[in-house]
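Enquirer: What follows is entry.txt, made up of compact mmCIF, C-alpha atoms:
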# COMPACT_ATOMS: atom_id res chain seq x y z
CA MET A 1 -19.48 -7.08 -46.99
CA GLY A 2 -20.42 -9.92 -44.66
CA LEU A 3 -20.66 -9.61 -40.89
CA ARG A 4 -18.00 -11.32 -38.78
CA ARG A 5 -18.94 -13.63 -35.99
CA LYS A 6 -17.97 -12.26 -32.61
CA ASN A 7 -17.68 -15.64 -30.87
CA LYS A 8 -16.03 -17.84 -33.43
CA SER A 9 -15.22 -21.29 -32.04
CA PRO A 10 -11.61 -22.45 -32.54
CA ALA A 11 -10.74 -25.27 -34.90
CA VAL A 12 -10.97 -28.78 -33.54
CA LEU A 13 -7.69 -30.10 -32.02
CA SER A 14 -6.08 -26.67 -32.34
CA HIS A 15 -4.02 -25.23 -29.49
CA GLU A 16 -6.78 -22.87 -28.37
CA PHE A 17 -9.36 -25.67 -28.59
CA VAL A 18 -7.26 -27.91 -26.33
CA ILE A 19 -6.77 -25.09 -23.81
CA GLN A 20 -10.47 -24.27 -23.63
CA ASN A 21 -11.58 -27.90 -23.31
CA GLN A 22 -8.80 -29.48 -21.26
CA ALA A 23 -11.05 -29.81 -18.20
CA ASP A 24 -13.79 -31.52 -20.25
CA THR A 25 -11.22 -33.84 -21.82
CA ALA A 26 -9.82 -34.74 -18.41
CA SER A 27 -13.29 -35.43 -16.99
CA CYS A 28 -14.09 -37.74 -19.91
CA LEU A 29 -10.89 -39.72 -19.34
CA VAL A 30 -11.67 -40.02 -15.63
CA MET A 31 -15.18 -41.30 -16.39
CA CYS A 32 -13.80 -43.85 -18.86
CA LEU A 33 -11.36 -45.21 -16.27
CA LEU A 34 -14.08 -45.40 -13.61
CA LEU A 35 -16.46 -47.16 -15.99
CA GLY A 36 -13.70 -49.64 -16.73
CA LEU A 37 -14.01 -50.94 -13.16
CA MET A 38 -17.52 -52.18 -13.92
CA PHE A 39 -16.36 -54.78 -16.45
CA GLU A 40 -14.11 -57.74 -15.81
CA VAL A 41 -11.62 -57.39 -18.65
CA PRO A 42 -10.82 -53.65 -18.47
CA ALA A 43 -10.99 -53.67 -14.66
CA LYS A 44 -7.56 -55.33 -14.52
CA TYR A 45 -6.06 -52.32 -16.28
CA ALA A 46 -8.24 -49.58 -14.81
CA ILE A 47 -7.32 -50.57 -11.26
CA ILE A 48 -3.68 -49.71 -12.03
CA PHE A 49 -4.68 -46.07 -12.59
CA ILE A 50 -7.01 -45.72 -9.61
CA ALA A 51 -5.73 -47.85 -6.73
CA VAL A 52 -2.37 -47.71 -4.99
CA GLN A 53 -0.03 -50.41 -6.29
CA TYR A 54 2.79 -52.54 -4.83
CA ASN A 55 1.05 -53.69 -1.69
CA VAL A 56 3.23 -55.78 0.62
CA THR A 57 1.57 -57.50 3.59
CA TYR A 58 3.44 -58.76 6.64
CA THR A 59 1.98 -61.01 9.32
CA THR A 60 3.17 -61.75 12.81
CA ASP A 61 4.47 -65.14 13.84
CA ASP A 62 1.13 -66.22 15.27
CA ASN A 63 -0.78 -64.78 12.26
CA SER A 64 -2.85 -62.60 14.61
CA GLU A 65 -2.07 -59.25 12.99
CA GLN A 66 -1.30 -58.06 9.49
CA PHE A 67 0.71 -54.99 8.53
CA HIS A 68 0.26 -53.43 5.11
CA PHE A 69 3.16 -51.56 3.52
CA TYR A 70 3.77 -50.22 0.06
CA ASP A 71 6.63 -50.02 -2.35
CA TYR A 72 7.05 -47.90 -5.48
CA GLY A 73 7.55 -48.76 -9.14
CA LEU A 74 6.65 -47.88 -12.73
CA LYS A 75 2.94 -48.48 -12.14
CA ASP A 76 2.90 -45.37 -9.99
CA ILE A 77 3.20 -43.35 -13.21
CA ALA A 78 -0.31 -44.52 -14.18
CA THR A 79 -1.63 -43.61 -10.72
CA ILE A 80 -0.01 -40.17 -10.92
CA PHE A 81 -1.56 -39.66 -14.37
CA PHE A 82 -5.06 -40.47 -13.06
CA TYR A 83 -4.82 -38.11 -10.10
CA MET A 84 -3.39 -35.44 -12.38
CA LEU A 85 -6.64 -35.65 -14.37
CA VAL A 86 -8.57 -35.35 -11.10
CA ALA A 87 -6.53 -32.26 -10.19
CA ILE A 88 -7.39 -30.67 -13.55
CA ASN A 89 -11.10 -31.20 -12.87
CA LEU A 90 -10.86 -29.78 -9.35
CA HIS A 91 -8.91 -26.82 -10.72
CA ALA A 92 -11.73 -26.06 -13.18
CA VAL A 93 -14.44 -26.43 -10.52
CA ILE A 94 -12.71 -24.05 -8.09
CA GLN A 95 -12.06 -21.58 -10.88
CA GLU A 96 -15.60 -21.50 -12.22
CA TYR A 97 -17.73 -21.77 -9.09
CA ILE A 98 -15.60 -19.85 -6.55
CA LEU A 99 -12.87 -17.64 -7.99
CA ASP A 100 -14.77 -16.31 -11.01
CA LYS A 101 -17.70 -15.26 -8.82
CA ILE A 102 -15.39 -13.40 -6.44
CA ASN A 103 -13.64 -11.72 -9.37
CA ARG A 104 -16.93 -10.34 -10.66
CA ASP A 105 -17.59 -8.66 -7.33
CA LEU A 106 -14.08 -7.20 -7.00
CA HIS A 107 -13.88 -5.83 -10.59
CA LEU A 108 -10.14 -6.46 -10.91
CA SER A 109 -7.95 -5.59 -13.87
CA LYS A 110 -6.58 -8.29 -16.18
CA THR A 111 -3.22 -8.41 -14.43
CA LYS A 112 -4.74 -8.60 -10.95
CA HIS A 113 -7.34 -11.06 -12.23
CA SER A 114 -4.62 -13.51 -13.32
CA LYS A 115 -2.73 -13.05 -10.06
CA PHE A 116 -5.89 -13.54 -8.01
CA ASN A 117 -6.65 -16.81 -9.81
CA GLU A 118 -3.15 -18.13 -9.14
CA LEU A 119 -3.29 -17.18 -5.46
CA GLY A 120 -6.75 -18.64 -5.02
CA GLN A 121 -5.88 -22.00 -6.58
CA LEU A 122 -2.72 -22.36 -4.52
CA ALA A 123 -4.49 -21.31 -1.32
CA PHE A 124 -7.03 -24.14 -1.70
CA PHE A 125 -4.25 -26.63 -2.44
CA TYR A 126 -2.12 -25.55 0.52
CA LEU A 127 -5.10 -25.73 2.86
CA PHE A 128 -6.02 -29.25 1.73
CA SER A 129 -2.40 -30.48 1.82
CA PHE A 130 -1.73 -28.98 5.26
CA ILE A 131 -4.80 -30.67 6.78
CA TRP A 132 -3.98 -34.00 5.15
CA GLY A 133 -0.28 -33.89 6.07
CA ALA A 134 -0.98 -32.79 9.65
CA SER A 135 -3.42 -35.69 10.09
CA ILE A 136 -0.73 -38.14 8.92
CA LEU A 137 1.84 -36.69 11.31
CA ASN A 138 -0.67 -36.89 14.15
CA ALA A 139 -1.62 -40.50 13.35
CA GLU A 140 1.93 -41.79 12.92
CA GLU A 141 3.43 -39.65 15.72
CA PHE A 142 6.41 -38.60 13.59
CA THR A 143 6.72 -35.26 15.36
CA MET A 144 6.71 -36.79 18.86
CA ASN A 145 9.68 -39.02 18.07
CA PRO A 146 12.33 -37.33 15.89
CA THR A 147 14.57 -40.40 16.10
CA SER A 148 12.14 -42.19 13.78
CA LEU A 149 13.84 -40.32 10.93
CA TRP A 150 16.89 -42.57 11.22
CA LYS A 151 15.73 -45.37 13.50
CA ASP A 152 15.57 -48.88 11.92
CA TYR A 153 17.44 -47.63 8.84
CA PRO A 154 17.10 -48.43 5.96
CA HIS A 155 13.32 -48.02 5.59
CA SER A 156 12.47 -50.30 2.70
CA ARG A 157 8.67 -50.04 2.96
CA MET A 158 6.19 -47.18 3.14
CA LEU A 159 2.89 -46.79 4.93
CA PHE A 160 -0.28 -46.15 2.99
CA GLN A 161 -0.44 -42.55 4.24
CA VAL A 162 2.94 -41.78 2.72
CA LYS A 163 1.33 -42.28 -0.70
CA PHE A 164 0.35 -38.68 0.01
CA PHE A 165 3.37 -37.91 -2.18
CA VAL A 166 1.61 -39.39 -5.23
CA CYS A 167 -1.14 -36.76 -5.03
CA GLN A 168 1.44 -34.03 -4.46
CA ILE A 169 3.39 -34.99 -7.58
CA ALA A 170 0.16 -35.26 -9.57
CA TYR A 171 -0.94 -31.76 -8.56
CA TRP A 172 2.32 -30.06 -9.48
CA LEU A 173 2.45 -31.95 -12.79
CA HIS A 174 -1.05 -30.73 -13.59
CA ALA A 175 0.18 -27.17 -13.04
CA LEU A 176 2.51 -27.43 -16.06
CA PRO A 177 -0.24 -27.57 -18.74
CA GLU A 178 -2.15 -24.90 -16.80
CA LEU A 179 0.64 -22.46 -17.69
CA THR A 180 -0.60 -22.51 -21.28
CA SER A 181 -4.07 -21.37 -20.25
CA LEU A 182 -5.54 -18.12 -21.47
CA HIS A 183 -5.50 -16.64 -17.94
CA THR A 184 -1.69 -16.76 -17.59
CA PHE A 185 0.50 -13.91 -18.84
CA ARG A 186 3.79 -14.67 -20.52
CA GLU A 187 5.67 -12.55 -17.98
CA ASP A 188 4.47 -14.82 -15.15
CA ILE A 189 5.38 -18.14 -16.80
CA PRO A 190 9.13 -18.18 -15.84
CA ARG A 191 8.34 -17.41 -12.20
CA GLN A 192 5.62 -20.06 -11.97
CA LEU A 193 7.69 -22.61 -13.88
CA CYS A 194 10.56 -22.11 -11.43
CA TYR A 195 8.65 -22.97 -8.25
CA ILE A 196 6.64 -25.75 -9.95
CA CYS A 197 9.84 -27.51 -11.04
CA LEU A 198 11.33 -27.08 -7.56
CA TYR A 199 8.29 -28.74 -6.00
CA ILE A 200 8.35 -31.62 -8.51
CA VAL A 201 12.07 -32.28 -8.04
CA HIS A 202 12.05 -32.18 -4.24
CA ILE A 203 8.82 -34.15 -3.73
CA SER A 204 9.76 -36.75 -6.34
CA GLY A 205 13.19 -37.10 -4.77
CA ALA A 206 11.71 -37.60 -1.30
CA TYR A 207 9.29 -40.21 -2.67
CA ILE A 208 11.62 -42.18 -4.95
CA LEU A 209 14.62 -42.15 -2.63
CA ARG A 210 12.67 -43.67 0.19
CA GLU A 211 15.65 -45.77 1.19
CA VAL A 212 18.00 -42.81 1.15
CA PHE A 213 17.82 -41.68 4.78
CA ALA A 214 14.03 -42.20 4.97
CA LEU A 215 13.46 -39.05 2.99
CA GLN A 216 9.71 -39.63 2.86
CA HIS A 217 9.49 -39.12 6.64
CA LEU A 218 11.71 -36.05 6.63
CA GLY A 219 10.00 -34.64 3.54
CA LEU A 220 6.57 -35.03 5.11
CA ILE A 221 7.63 -33.34 8.35
CA LEU A 222 9.18 -30.42 6.46
CA MET A 223 6.35 -30.09 3.96
CA VAL A 224 3.54 -29.55 6.49
CA PRO A 225 4.91 -26.36 8.14
CA HIS A 226 6.05 -25.09 4.75
CA TYR A 227 2.50 -25.43 3.42
CA LEU A 228 1.20 -23.60 6.49
CA VAL A 229 3.50 -20.65 5.75
CA GLU A 230 2.44 -20.59 2.09
CA LEU A 231 -1.22 -20.78 3.09
CA VAL A 232 -0.85 -17.72 5.36
CA PHE A 233 0.95 -15.80 2.61
CA HIS A 234 -1.57 -16.56 -0.14
CA ALA A 235 -4.52 -15.88 2.15
CA SER A 236 -2.96 -12.52 3.10
CA CYS A 237 -2.54 -11.65 -0.57
CA LEU A 238 -6.18 -12.49 -1.26
CA PHE A 239 -7.33 -10.24 1.59
CA TYR A 240 -5.02 -7.52 0.29
CA PHE A 241 -6.72 -7.69 -3.11
CA SER A 242 -10.11 -7.17 -1.48
CA ASP A 243 -8.89 -4.33 0.76
CA GLU A 244 -5.40 -2.79 0.59
CA ASN A 245 -5.56 -1.80 4.25
CA LYS A 246 -5.59 -5.45 5.36
CA GLN A 247 -1.84 -6.10 5.71
CA LYS A 248 -1.57 -7.67 9.17
CA GLY A 249 -1.34 -11.14 7.64
CA PHE A 250 2.00 -10.30 6.02
CA ALA A 251 3.56 -9.67 9.44
CA ILE A 252 2.40 -13.10 10.65
CA TRP A 253 3.70 -14.68 7.45
CA ALA A 254 7.12 -13.01 7.82
CA LEU A 255 7.51 -14.39 11.35
CA LEU A 256 6.39 -17.90 10.41
CA PHE A 257 8.61 -17.89 7.31
CA VAL A 258 11.80 -17.29 9.29
CA VAL A 259 10.83 -19.84 11.97
CA VAL A 260 10.08 -22.57 9.40
CA ARG A 261 13.34 -21.91 7.54
CA LEU A 262 15.26 -22.38 10.80
CA LEU A 263 13.23 -25.50 11.58
CA THR A 264 14.00 -26.97 8.15
CA LEU A 265 17.72 -26.37 8.48
CA THR A 266 17.79 -27.72 12.05
CA LEU A 267 15.99 -30.98 11.20
CA SER A 268 18.06 -31.48 8.06
CA VAL A 269 21.38 -31.02 9.87
CA LEU A 270 20.14 -33.21 12.75
CA THR A 271 19.12 -36.00 10.36
CA PHE A 272 21.93 -35.94 7.81
CA GLY A 273 24.73 -34.75 10.06
CA PHE A 274 24.11 -36.56 13.36
CA GLY A 275 21.36 -39.18 13.16
CA LEU A 276 22.40 -41.09 10.05
CA THR A 277 26.11 -41.06 10.96
CA ARG A 278 25.26 -43.31 13.91
CA VAL A 279 23.68 -45.95 11.66
CA GLU A 280 26.42 -45.80 9.04
CA ASN A 281 27.50 -49.32 8.10
CA PRO A 282 30.28 -49.50 5.50
CA GLY A 283 29.91 -53.28 5.24
CA PHE A 284 26.26 -53.01 4.17
CA PRO A 285 26.20 -52.84 0.35
CA ILE A 286 24.40 -50.16 -1.69
CA ALA A 287 22.59 -52.87 -3.65
CA HIS A 288 20.62 -53.75 -0.50
CA GLY A 289 19.52 -50.18 0.12
CA ASN A 290 22.35 -48.69 2.12
CA PHE A 291 22.90 -45.16 0.85
CA SER A 292 24.02 -43.71 4.19
CA ILE A 293 27.45 -42.73 2.95
CA LEU A 294 29.17 -39.39 3.33
CA PRO A 295 28.84 -38.15 -0.30
CA MET A 296 25.11 -38.89 -0.39
CA ARG A 297 24.47 -37.20 2.93
CA ILE A 298 26.43 -34.11 1.91
CA GLY A 299 24.61 -33.96 -1.43
CA CYS A 300 21.14 -34.12 0.17
CA LEU A 301 22.08 -31.61 2.85
CA ASP A 302 23.50 -29.22 0.24
CA ALA A 303 20.28 -29.45 -1.79
CA VAL A 304 18.19 -28.53 1.25
CA CYS A 305 20.50 -25.69 2.32
CA LEU A 306 20.70 -24.18 -1.16
CA THR A 307 16.93 -24.24 -1.52
CA GLN A 308 16.45 -22.58 1.87
CA ALA A 309 19.07 -19.94 1.03
CA TRP A 310 17.33 -19.18 -2.27
CA MET A 311 13.95 -18.86 -0.52
CA MET A 312 15.48 -16.60 2.13
CA TRP A 313 17.01 -14.39 -0.56
CA LYS A 314 13.60 -14.08 -2.27
CA PHE A 315 12.05 -13.27 1.10
CA ILE A 316 14.56 -10.47 1.81
CA HIS A 317 14.11 -9.10 -1.71
CA PHE A 318 10.31 -9.06 -1.20
CA GLN A 319 10.60 -7.26 2.14
CA LEU A 320 12.97 -4.63 0.71
CA LYS A 321 10.63 -4.03 -2.21
CA LYS A 322 7.69 -3.63 0.13
CA TRP A 323 9.68 -1.25 2.36
CA ARG A 324 10.64 0.93 -0.64
CA GLU A 325 7.02 1.15 -1.75
CA HIS A 326 6.05 2.18 1.77
CA VAL A 327 8.73 4.90 1.81
CA LYS A 328 7.59 6.25 -1.57
CA LYS A 329 4.05 6.56 -0.26
CA GLU A 330 5.18 8.35 2.91
CA ILE A 331 7.38 10.98 1.18
CA PRO A 332 4.50 12.81 -0.61
CA LYS A 333 2.53 12.89 2.64
CA LYS A 334 5.44 14.54 4.47
CA LYS A 335 5.84 17.13 1.69
CA ILE A 336 2.15 18.04 1.88
CA THR A 337 2.28 18.49 5.67
CA ASN A 338 5.45 20.62 5.44
CA THR A 339 3.92 22.96 2.83
CA LYS A 340 0.80 23.39 4.97
CA ASN A 341 2.90 24.30 8.01
CA LYS A 342 4.86 26.90 6.03
CA ARG A 343 1.67 28.51 4.76
CA THR A 344 0.22 28.80 8.24
CA LYS A 345 3.41 30.40 9.56
CA LYS A 346 3.52 33.05 6.81
CA GLU A 347 -0.16 34.03 7.05
CA PRO A 348 -1.04 36.46 9.91
CA ASN A 349 -3.65 35.56 12.44
CA ARG A 350 -6.98 36.68 10.98
CA ALA A 351 -8.63 36.61 14.37
CA ASN A 352 -6.63 39.71 15.47
CA PHE A 353 -8.07 41.87 12.66
CA VAL A 354 -11.59 43.22 12.79
CA ASN A 355 -12.75 45.51 9.97
CA GLY A 356 -9.15 46.17 9.01
CA ALA A 357 -8.17 47.36 12.50
CA ALA A 358 -5.74 45.42 14.60
CA LYS A 359 -6.78 44.10 18.01
CA LEU A 360 -4.75 43.13 21.00
CA GLU A 361 -5.07 39.77 22.70
CA GLY A 362 -7.31 41.22 25.40
CA GLY A 363 -9.69 42.59 22.81
CA ALA A 364 -8.71 46.27 23.20
CA SER A 365 -7.72 48.20 20.12
CA PRO A 366 -4.24 49.74 20.07
CA ARG A 367 -3.82 53.45 20.84
CA ILE A 368 -3.58 55.82 17.92
CA ARG A 369 -0.46 57.92 17.99
CA LYS A 370 -1.05 61.67 17.94
CA SER A 371 0.67 63.55 15.22
CA LYS A 372 3.06 66.24 16.50
CA PRO A 373 2.45 69.82 15.39
CA VAL A 374 5.00 71.13 13.00
When written as C-alpha cells, how does the structure in this file appear?

Expert:
Amino acid sequence: MGLRRKNKSPAVLSHEFVIQNQADTASCLVMCLLLGLMFEVPAKYAIIFIAVQYNVTYTTDDNSEQFHFYDYGLKDIATIFFYMLVAINLHAVIQEYILDKINRDLHLSKTKHSKFNELGQLAFFYLFSFIWGASILNAEEFTMNPTSLWKDYPHSRMLFQVKFFVCQIAYWLHALPELTSLHTFREDIPRQLCYICLYIVHISGAYILREVFALQHLGLILMVPHYLVELVFHASCLFYFSDENKQKGFAIWALLFVVVRLLTLTLSVLTFGFGLTRVENPGFPIAHGNFSILPMRIGCLDAVCLTQAWMMWKFIHFQLKKWREHVKKEIPKKKITNTKNKRTKKEPNRANFVNGAAKLEGGASPRIRKSKPV
C-alpha cells in the first residue's frame, strides 16, 4: 500500500489551481502590460489599459491657460480591467504580509479567521478611499459650495480627480472573483454578493450618468462620509476580535451612521427636489444631455431613499441583535447574585456563636434559665 502525498498540488487550469494562483496570474498580466510601454508597437495598445482615456483640452481666448477635462467611453473598460488586476495584487499583499501575521498571534477559529480577513481588507480600502476622496473634495471645494451640484447644468465633462470612480469600480469588481477563494464560507457569499453588487450599481451609475444631474459630484460627496462610517465600523470589529471588552467604537459608529444617513437624504432631496428643478429646461433636448426631467429625478431620488431605508433597517436589526445578546449575558449574572443573597439570608451569623454557645452583640453570653423544682 503506497503512501499518499499530504500536499498534492492541484491540476493545472483546474478551479482550485486558478484560485490559489490568481494573484500570481494577475501580477504577470500587469507586468506584461507595463513592459508593453517600452516598445513602440505594443505601447499604443498598452496605454489604453494604464492611462486615463478621453482627454479633452480647452484653452482660453488668449491661449494663456489650458483646462483638461475627461469624458467616458468603452476604453474605460480596459482601464478598469487593469486596475482590477492591481487590486487583486494589493489584496494578496495585504493578506499575506499583514492579516495572516495578525491571525497567527490571535489564534482565531476558521469562522472568525474568514470574518477577520474580510474586515481587514475592507478597512484598508475604506481608509485609502476616504483619504483620496477627502483630498478631492478639499481641492475642488465641492463641500464649500453646495450649489455646484446643479450649477452650470448639464456637466458634460469631468475633472481628472473624478476618475476616482474608475478605481472604485475596479476594486468592487475584483471582489467578485475573491468570493470563490478558499477563505470564504458559502454562508457568507450571499451577504457579500449583496453589498458588492450595490456598490457596483451605484458607483457605475454615478460615473456613467455624469450628465444626469451631475451625479459624479453628488456621488463623491456622499461616498466620502459613507466610507468614514464604514471605516469606523470595520476598525471597531477588528478591535473587538482582539479584545471583546473594546466596544466603545460601536457607539461612535452608531452615532455617525445615523448622521450620515440624514446627510445623504438631505443632500439628495436638496439636489433632486429643489436645485435641479430651477435649471429645468423643457426646450433643451435629451439628445444634448438634458435629463433633468421629473421622471428621471424621481427615479434617482427613489433609488437613494430605498438604499438608505434598507441600510437603516439593517442597522436597527444589528442593534436589536446586539441588545438581545447583552440581555442574555446579564440574566445569568442576576440569577447568580440572587441565589447568593438568599443563601446569606438563610444562614445564621457565625460570628455570634463561639464553641457552640450563643453570644450577644456586646460579647456577653446569655443567662442560663434555672430549672424550677418539681

Enquirer: How many Å lie between CA of Tyr54 in chain A and CA of Tyr70 in chain A, rounded to one decimal?

Expert: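 Distance between the two atoms: 5.5 Å.
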
Enquirer: Out of A:Thr25, A:Ser268, A:Thr277, A:Asn245, which residue has the shortest atom-to-atom distance to Leu218 in chain A when counting all atoms listed in the file?

Expert: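 Selected residue with least distance to Leu218 in chain A: A:Ser268.
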
Enquirer: With all atoms listed in the file as the atoms that count, which of A:Ile77, A:Val86, A:Val12, A:Leu119 lies nearest to Val30 in chain A?

Expert: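 Going through A:Ile77, A:Val86, A:Val12, A:Leu119 one by one, the smallest distance to Val30 in chain A is for A:Val86.
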
Enquirer: Between CA of Ser204 in chain A and CA of Phe165 in chain A, what is the distance in Å, rounded to a tenth?

Expert: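 Answer for the CA of Ser204 in chain A to CA of Phe165 in chain A separation: 7.7 Å.
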
Enquirer: Using Å and a single decimal, report how far CA of Cys32 in chain A sits from CA of Lys44 in chain A.

Expert: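 Separation between CA of Lys44 in chain A and CA of Cys32 in chain A: 13.8 Å.
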
Enquirer: List the spatial neighbours of Phe250 in chain A as a PyMOL selection string - criterion: any atom at most 7 Å away, only C-alpha atoms, same-chain residues fewer than 3 positions off excluded.

Expert: chain A and resi 233+236+247+253-254

Enquirer: Would you kindly return, as an NGL selection string, each protein, DNA or RNA residue with an atom no farther than 12 Å from any atom of Tyr227 in chain A, considering all atoms listed in the file and excluding same-chain residues fewer than 6 positions away?

Expert: :A and (122-134 or 168 or 199 or 219-221 or 233-235 or 253 or 256-257 or 260)

Enquirer: Which of these residues is nearest to Leu173 in chain A, using only C-alpha atoms: A:Ala139, A:Leu99, A:Leu222, A:Ile80?

Expert: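 Looking only at the distances to Leu173 in chain A, the closest residue turns out to be A:Ile80.
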
Enquirer: Of the candidates A:Val229, A:Ile102, A:Leu262, A:Met84, which one gets nearest to Gly249 in chain A if we count all atoms listed in the file?

Expert: A:Val229

Enquirer: For a cut-off of 6 Å around (-3.0, -31.2, -14.6), file coordinates, pick out all residues using all atoms listed in the file and list them as a list in words.

Expert: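 I get Met84, Leu85, Ala87, Ile88, Leu173, His174 and Ala175 of chain A for the residues within 6 Å of that point.
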
Enquirer: Which residues, written as number ranges by chain, have at least one atom at most 12 Å from Asp24 in chain A, with only C-alpha atoms counted and residues fewer than 4 positions away on the same chain left out?

Expert: A: 17-20, 28-31, 85-86, 88-93

Enquirer: Please list as JSON, numbers by chain every residue within 9 Å of Tyr207 in chain A, counting only C-alpha atoms and excluding residues in the same chain fewer than 6 positions away.

Expert: {"A": [72, 162, 163, 165, 166, 215, 216, 219]}

Enquirer: Skipping near chain neighbours, those fewer than 6 positions away, what residues fall within 12 Å of Thr111 in chain A using all atoms listed in the file, listed as a PyMOL selection string?

Expert: chain A and resi 117-118+183-188+241

Enquirer: Which is closest to Lys101 in chain A among A:His113, A:Arg297, A:Arg324, A:His317, if we use all atoms listed in the file?

Expert: A:His113

Enquirer: Taking into account all atoms listed in the file, which residue in the set A:Val224, A:Leu263, A:Leu276, A:Lys322 is nearest to Ala251 in chain A?

Expert: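 Of all the options, A:Lys322 lies closest to Ala251 in chain A.
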